[in-house]
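Listing of upload_23.txt; format and content: compact mmCIF, C-alpha atoms.
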# COMPACT_ATOMS: atom_id res chain seq x y z
CA MET A 313 7.75 16.85 -28.12
CA ALA A 314 6.01 16.74 -24.73
CA ASP A 315 5.59 13.39 -23.14
CA GLU A 316 2.09 12.01 -23.55
CA VAL A 317 0.28 10.72 -20.51
CA VAL A 318 -1.20 7.33 -21.26
CA PHE A 319 -3.99 6.04 -19.04
CA ASP A 320 -4.21 2.29 -18.81
CA ASN A 321 -7.92 1.45 -18.84
CA ARG A 322 -7.36 -2.28 -18.91
CA PRO A 323 -9.18 -4.10 -16.12
CA SER A 324 -7.06 -5.06 -13.16
CA PHE A 325 -6.73 -8.73 -12.21
CA MET A 326 -8.27 -7.65 -8.87
CA ASP A 327 -11.51 -6.46 -10.50
CA PRO A 328 -13.29 -9.85 -10.54
CA LEU A 329 -12.16 -10.50 -6.96
CA LYS A 330 -13.28 -7.03 -5.92
CA GLY A 331 -16.71 -7.59 -7.42
CA LEU A 332 -17.05 -10.90 -5.58
CA LEU A 333 -15.90 -9.44 -2.27
CA LEU A 334 -18.13 -6.36 -2.49
CA THR A 335 -21.15 -8.44 -3.46
CA TYR A 336 -20.93 -11.06 -0.75
CA PHE A 337 -18.40 -10.24 1.95
CA MET A 338 -17.81 -6.54 2.60
CA PRO A 339 -18.78 -2.94 1.78
CA GLU A 340 -16.40 -0.82 -0.33
CA LYS A 341 -15.03 1.04 2.70
CA CYS A 342 -13.76 -2.28 4.10
CA TYR A 343 -12.27 -3.26 0.73
CA ASP A 344 -10.34 0.03 0.80
CA GLU A 345 -9.21 -0.62 4.39
CA PHE A 346 -7.88 -4.09 3.54
CA PHE A 347 -6.54 -3.76 -0.01
CA LEU A 348 -5.65 -0.06 -0.39
CA ASP A 349 -4.63 0.98 3.11
CA PHE A 350 -3.51 -2.56 4.09
CA ASN A 351 -5.18 -2.13 7.46
CA LEU A 352 -5.81 -5.84 7.91
CA LEU A 353 -6.66 -5.52 11.61
CA HIS A 354 -9.55 -3.07 11.19
CA VAL A 355 -11.91 -4.55 13.81
CA PRO A 356 -15.29 -3.25 12.51
CA CYS A 357 -14.52 -4.57 9.03
CA LEU A 358 -13.24 -7.87 10.38
CA LYS A 359 -16.58 -8.29 12.19
CA ILE A 360 -18.47 -7.58 8.97
CA VAL A 361 -16.40 -10.10 6.97
CA LEU A 362 -16.72 -12.73 9.71
CA SER A 363 -20.47 -12.20 9.89
CA LYS A 364 -20.92 -12.33 6.12
CA GLY A 365 -18.72 -15.42 5.85
CA LEU A 366 -20.59 -17.21 8.63
CA GLY A 367 -23.90 -16.25 7.06
CA ILE A 368 -22.95 -17.66 3.68
CA GLY A 369 -21.50 -20.77 5.33
CA ILE A 370 -24.73 -21.32 7.26
CA ILE A 371 -26.81 -20.91 4.10
CA LEU A 372 -24.64 -23.38 2.17
CA GLY A 373 -24.78 -25.80 5.09
CA SER A 374 -28.55 -25.44 5.37
CA VAL A 375 -28.94 -26.83 1.85
CA MET A 376 -27.97 -30.22 3.26
CA VAL A 377 -28.41 -29.86 7.04
CA LYS A 378 -31.57 -31.96 7.16
CA LEU A 379 -30.74 -34.27 4.29
CA PRO A 380 -29.17 -36.84 6.68
CA GLN A 381 -32.48 -36.83 8.57
CA ILE A 382 -34.48 -37.30 5.36
CA PHE A 383 -32.21 -40.11 4.14
CA LYS A 384 -32.35 -41.82 7.53
CA LEU A 385 -36.15 -41.79 7.46
CA MET A 386 -36.25 -43.12 3.91
CA GLY A 387 -33.65 -45.78 4.65
CA ALA A 388 -35.44 -47.05 7.74
CA LYS A 389 -38.91 -46.54 6.21
CA SER A 390 -39.90 -45.45 9.69
CA ALA A 391 -40.39 -42.17 11.52
CA GLU A 392 -40.22 -43.71 15.00
CA GLY A 393 -39.09 -41.22 17.63
CA LEU A 394 -39.98 -38.12 15.59
CA SER A 395 -42.84 -35.87 16.64
CA PHE A 396 -45.07 -34.36 13.94
CA ASN A 397 -46.13 -31.63 16.41
CA THR A 398 -42.48 -30.64 16.74
CA VAL A 399 -42.26 -30.33 12.95
CA LEU A 400 -45.35 -28.08 12.89
CA LEU A 401 -43.95 -25.80 15.59
CA GLU A 402 -40.56 -25.72 13.89
CA LEU A 403 -42.22 -24.75 10.61
CA LEU A 404 -44.10 -21.97 12.38
CA ALA A 405 -40.81 -20.63 13.77
CA ILE A 406 -38.96 -20.91 10.44
CA THR A 407 -41.81 -19.28 8.51
CA GLY A 408 -42.08 -16.45 11.03
CA THR A 409 -38.35 -15.71 10.81
CA MET A 410 -38.32 -15.86 7.01
CA ALA A 411 -41.36 -13.57 6.62
CA TYR A 412 -40.04 -11.14 9.26
CA CYS A 413 -36.68 -10.81 7.49
CA ILE A 414 -38.26 -10.38 4.05
CA VAL A 415 -40.64 -7.66 5.30
CA ASN A 416 -37.77 -5.81 7.04
CA GLU A 417 -35.56 -6.22 3.94
CA PHE A 418 -32.71 -7.84 5.85
CA PRO A 419 -29.87 -9.18 3.66
CA PHE A 420 -30.28 -12.73 2.38
CA SER A 421 -27.07 -13.72 4.17
CA ALA A 422 -28.86 -13.00 7.48
CA TRP A 423 -31.75 -15.42 6.94
CA GLY A 424 -31.28 -17.43 3.73
CA GLU A 425 -30.96 -20.76 5.51
CA ALA A 426 -34.60 -20.44 6.64
CA LEU A 427 -35.72 -21.02 3.04
CA PHE A 428 -33.82 -24.31 2.71
CA LEU A 429 -34.68 -25.45 6.25
CA MET A 430 -38.34 -24.80 5.51
CA LEU A 431 -38.33 -26.97 2.36
CA GLN A 432 -36.54 -29.83 4.11
CA THR A 433 -38.76 -29.61 7.20
CA VAL A 434 -41.88 -29.84 5.03
CA ILE A 435 -40.46 -33.02 3.45
CA ILE A 436 -39.77 -34.49 6.91
CA GLY A 437 -43.33 -33.65 7.98
CA PHE A 438 -44.69 -35.47 4.94
CA LEU A 439 -42.46 -38.51 5.57
CA ILE A 440 -43.62 -38.74 9.20
CA GLN A 441 -47.21 -38.91 7.99
CA HIS A 442 -46.34 -41.22 5.08
CA TYR A 443 -44.51 -43.79 7.21
CA GLY A 444 -47.29 -43.53 9.75
CA GLY A 445 -49.70 -44.83 7.11
CA LYS A 446 -51.29 -41.43 6.50
CA THR A 447 -49.94 -40.42 3.09
CA SER A 448 -53.06 -38.50 2.08
CA ARG A 449 -52.84 -36.46 5.27
CA GLY A 450 -49.19 -35.77 4.52
CA LEU A 451 -50.05 -34.46 1.04
CA LEU A 452 -52.82 -32.28 2.50
CA PHE A 453 -50.35 -30.92 5.05
CA MET A 454 -47.95 -29.85 2.26
CA VAL A 455 -50.70 -28.18 0.20
CA VAL A 456 -52.15 -26.28 3.17
CA TYR A 457 -48.72 -25.14 4.33
CA PHE A 458 -47.67 -23.69 0.97
CA VAL A 459 -51.03 -21.94 0.52
CA LEU A 460 -50.61 -20.34 3.95
CA LEU A 461 -46.99 -19.42 3.12
CA VAL A 462 -48.06 -17.56 -0.03
CA LEU A 463 -50.73 -15.77 2.01
CA VAL A 464 -48.26 -14.74 4.73
CA LEU A 465 -45.76 -13.37 2.19
CA SER A 466 -48.44 -11.48 0.26
CA PRO A 467 -49.32 -7.80 0.88
CA VAL A 468 -52.64 -8.97 2.34
CA THR A 469 -50.94 -9.92 5.63
CA PRO A 470 -50.28 -6.88 7.88
CA VAL A 471 -46.73 -6.29 9.09
CA SER A 472 -47.97 -6.43 12.69
CA VAL A 473 -49.08 -10.03 12.16
CA ILE A 474 -45.65 -11.01 10.83
CA THR A 475 -43.94 -9.29 13.77
CA SER A 476 -46.22 -11.21 16.12
CA MET A 477 -45.25 -14.46 14.36
CA GLN A 478 -41.59 -13.67 14.96
CA ALA A 479 -42.27 -12.90 18.62
CA PHE A 480 -44.16 -16.22 18.93
CA ASN A 481 -41.08 -18.03 17.64
CA MET A 482 -39.60 -18.30 21.11
CA PRO A 483 -42.47 -20.20 22.75
CA ALA A 484 -42.93 -22.24 19.54
CA ILE A 485 -39.26 -23.30 19.57
CA ILE A 486 -39.31 -24.08 23.29
CA ILE A 487 -42.53 -26.10 23.13
CA GLY A 488 -41.46 -27.94 19.97
CA ARG A 489 -38.08 -28.94 21.35
CA LEU A 490 -39.56 -29.93 24.71
CA ILE A 491 -42.04 -32.20 22.94
CA GLN A 492 -39.15 -33.87 21.09
CA ALA A 493 -37.02 -34.06 24.25
CA ALA A 494 -39.93 -35.60 26.20
CA ALA A 495 -40.48 -38.16 23.43
CA ASN A 496 -36.79 -39.09 23.52
CA PHE A 497 -36.88 -39.46 27.31
CA ARG A 498 -40.08 -41.49 27.22
CA ASN A 499 -38.75 -43.82 24.50
CA GLY A 500 -35.30 -44.17 26.05
CA HIS A 501 -33.70 -43.46 22.65
CA THR A 502 -33.74 -40.84 19.90
CA GLY A 503 -35.28 -43.16 17.30
CA GLN A 504 -34.71 -42.07 13.70
CA LEU A 505 -33.42 -38.65 14.76
CA SER A 506 -30.25 -37.87 12.78
CA ALA A 507 -27.26 -36.94 14.96
CA ILE A 508 -25.62 -35.09 12.05
CA SER A 509 -28.69 -32.90 11.49
CA VAL A 510 -29.05 -32.21 15.21
CA PHE A 511 -25.43 -31.09 15.64
CA LEU A 512 -25.49 -28.99 12.46
CA LEU A 513 -28.65 -27.22 13.61
CA PHE A 514 -27.08 -26.56 17.00
CA ALA A 515 -23.91 -25.11 15.45
CA GLY A 516 -25.90 -23.03 12.96
CA SER A 517 -28.15 -21.50 15.60
CA LEU A 518 -25.11 -20.58 17.71
CA ALA A 519 -23.44 -18.83 14.77
CA ARG A 520 -26.68 -17.00 13.96
CA ILE A 521 -26.62 -15.21 17.33
CA PHE A 522 -23.54 -13.30 16.16
CA THR A 523 -24.62 -12.78 12.53
CA SER A 524 -28.11 -11.54 13.44
CA LEU A 525 -26.67 -8.92 15.80
CA GLN A 526 -23.99 -7.92 13.31
CA GLU A 527 -26.09 -7.76 10.14
CA THR A 528 -29.54 -6.76 11.39
CA GLY A 529 -29.03 -5.29 14.86
CA ASP A 530 -32.40 -6.82 15.68
CA THR A 531 -32.45 -7.99 19.30
CA LEU A 532 -35.68 -9.96 18.75
CA MET A 533 -33.96 -12.10 16.12
CA ALA A 534 -30.85 -12.53 18.25
CA LEU A 535 -32.93 -13.58 21.27
CA THR A 536 -34.79 -16.08 19.09
CA TYR A 537 -31.49 -17.71 18.13
CA VAL A 538 -30.31 -17.74 21.77
CA ILE A 539 -33.47 -19.68 22.69
CA SER A 540 -33.07 -21.91 19.62
CA SER A 541 -29.44 -22.70 20.50
CA THR A 542 -30.38 -23.63 24.06
CA CYS A 543 -33.18 -25.95 22.92
CA ASN A 544 -31.09 -27.49 20.14
CA GLY A 545 -28.35 -28.03 22.72
CA ILE A 546 -30.74 -30.07 24.89
CA ILE A 547 -31.58 -32.35 21.95
CA ALA A 548 -27.86 -32.64 21.07
CA LEU A 549 -27.08 -33.72 24.64
CA GLN A 550 -29.82 -36.33 24.44
CA VAL A 551 -28.35 -37.68 21.20
CA LEU A 552 -25.02 -38.12 23.00
CA TYR A 553 -26.66 -39.63 26.09
CA TYR A 554 -28.69 -42.15 24.08
CA TRP A 555 -25.88 -42.77 21.58
CA ASN A 556 -25.78 -46.54 22.19
CA SER A 557 -29.55 -46.89 22.49
CA SER A 558 -31.85 -47.70 19.58
CA PRO A 559 -35.43 -48.85 19.06
CA GLU A 560 -34.18 -52.38 18.29
CA LYS A 561 -32.09 -52.62 21.49
CA LYS A 562 -34.98 -51.23 23.50
CA LYS A 563 -37.31 -53.90 22.12
CA LYS A 564 -34.84 -56.69 22.95
CA LYS A 565 -34.52 -55.51 26.54
CA SER A 566 -38.28 -55.43 26.98
CA GLU A 567 -38.73 -58.97 25.64

Just dump the structure as structure tokens.
Amino acid sequence: MADEVVFDNRPSFMDPLKGLLLTYFMPEKCYDEFFLDFNLLHVPCLKIVLSKGLGIGIILGSVMVKLPQIFKLMGAKSAEGLSFNTVLLELLAITGTMAYCIVNEFPFSAWGEALFLMLQTVIIGFLIQHYGGKTSRGLLFMVVYFVLLVLVLSPVTPVSVITSMQAFNMPAIIIGRLIQAAANFRNGHTGQLSAISVFLLFAGSLARIFTSLQETGDTLMALTYVISSTCNGIIALQVLYYWNSSPEKKKKKSE
């Protein structure tokens, strides 16, 4: 009797891993390069995996990147040293990037942190108003912002307007960071600015230069992150320079 050919249709132990890798880290051609051809030094695929991994890491980090800042404000019950105008300009930049990426259907790994940064920045904006004795104005700020956000993301807003918002990101980031840097210089300290949040934002914007070029190929986005990294770097240097300075020490010296 002829031998029967038996096909084993049982799922391989690699199937769940393959699904995870193909969903989040690499296209199928790269999976084949790494796990079928064992070409572990395939440079184009290594770039893709590095970019995807950095993107996911940035998104996960963004969930908590501004939490130290929020907790510091709540703990001190003061927003001294923080500029509300900087928050507004930062929100404009974040919203422009988020809307631009959604309209152009860029992968979530290329811009997902903007969603979490936006939510945390809105909270910081409210806290600045709240601890400044203007709680009602802070609530109004949140309501107006989210109404405008819905409008921007709706089909009513032309694509050209969203592209213009993304292009305006660069001057918005520069002006916003310069306002914060000038406030730090004028005060002689960084007030309630969180060093952890500042350094995480700086690191994230640096990594985004690579991921935006790799995943979107959009030079406008990459240039935005170059500008953002430079400005975040200035604030980070100020945090280091004023490390031993604080509002309390400043007050004692002036007395």

Which is closest to Met454 of chain A among A:Ser363, A:Ser517, A:Thr409, A:Gln432, if we use all atoms listed in the file?
-> A:Gln432

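With all atoms listed in the file as the basis for measurement, A:Leu379 is the residue among A:Arg489, A:Asn397, A:Leu379, A:Leu404 that approaches Ile435 of chain A most closely.
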
Which residue, A:Met482, A:Ala391, A:Cys413, A:Val375, has the smallest gap to Met430 of chain A when you use all atoms listed in the file?
->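 With all atoms listed in the file as the atom set, the closest residue is A:Val375.
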
Pick from A:Glu402, A:Asp349, A:Glu392, A:Glu527, whichever lies nearest to Ile440 of chain A using all atoms listed in the file | A:Glu392

With only C-alpha atoms counted, which protein, DNA or RNA residues have an atom no more than 9 Å from (-30.3, -16.6, 2.7) in the file frame? Please answer as a ChimeraX atom specification.
-> /A:367-368,370-372,419-428
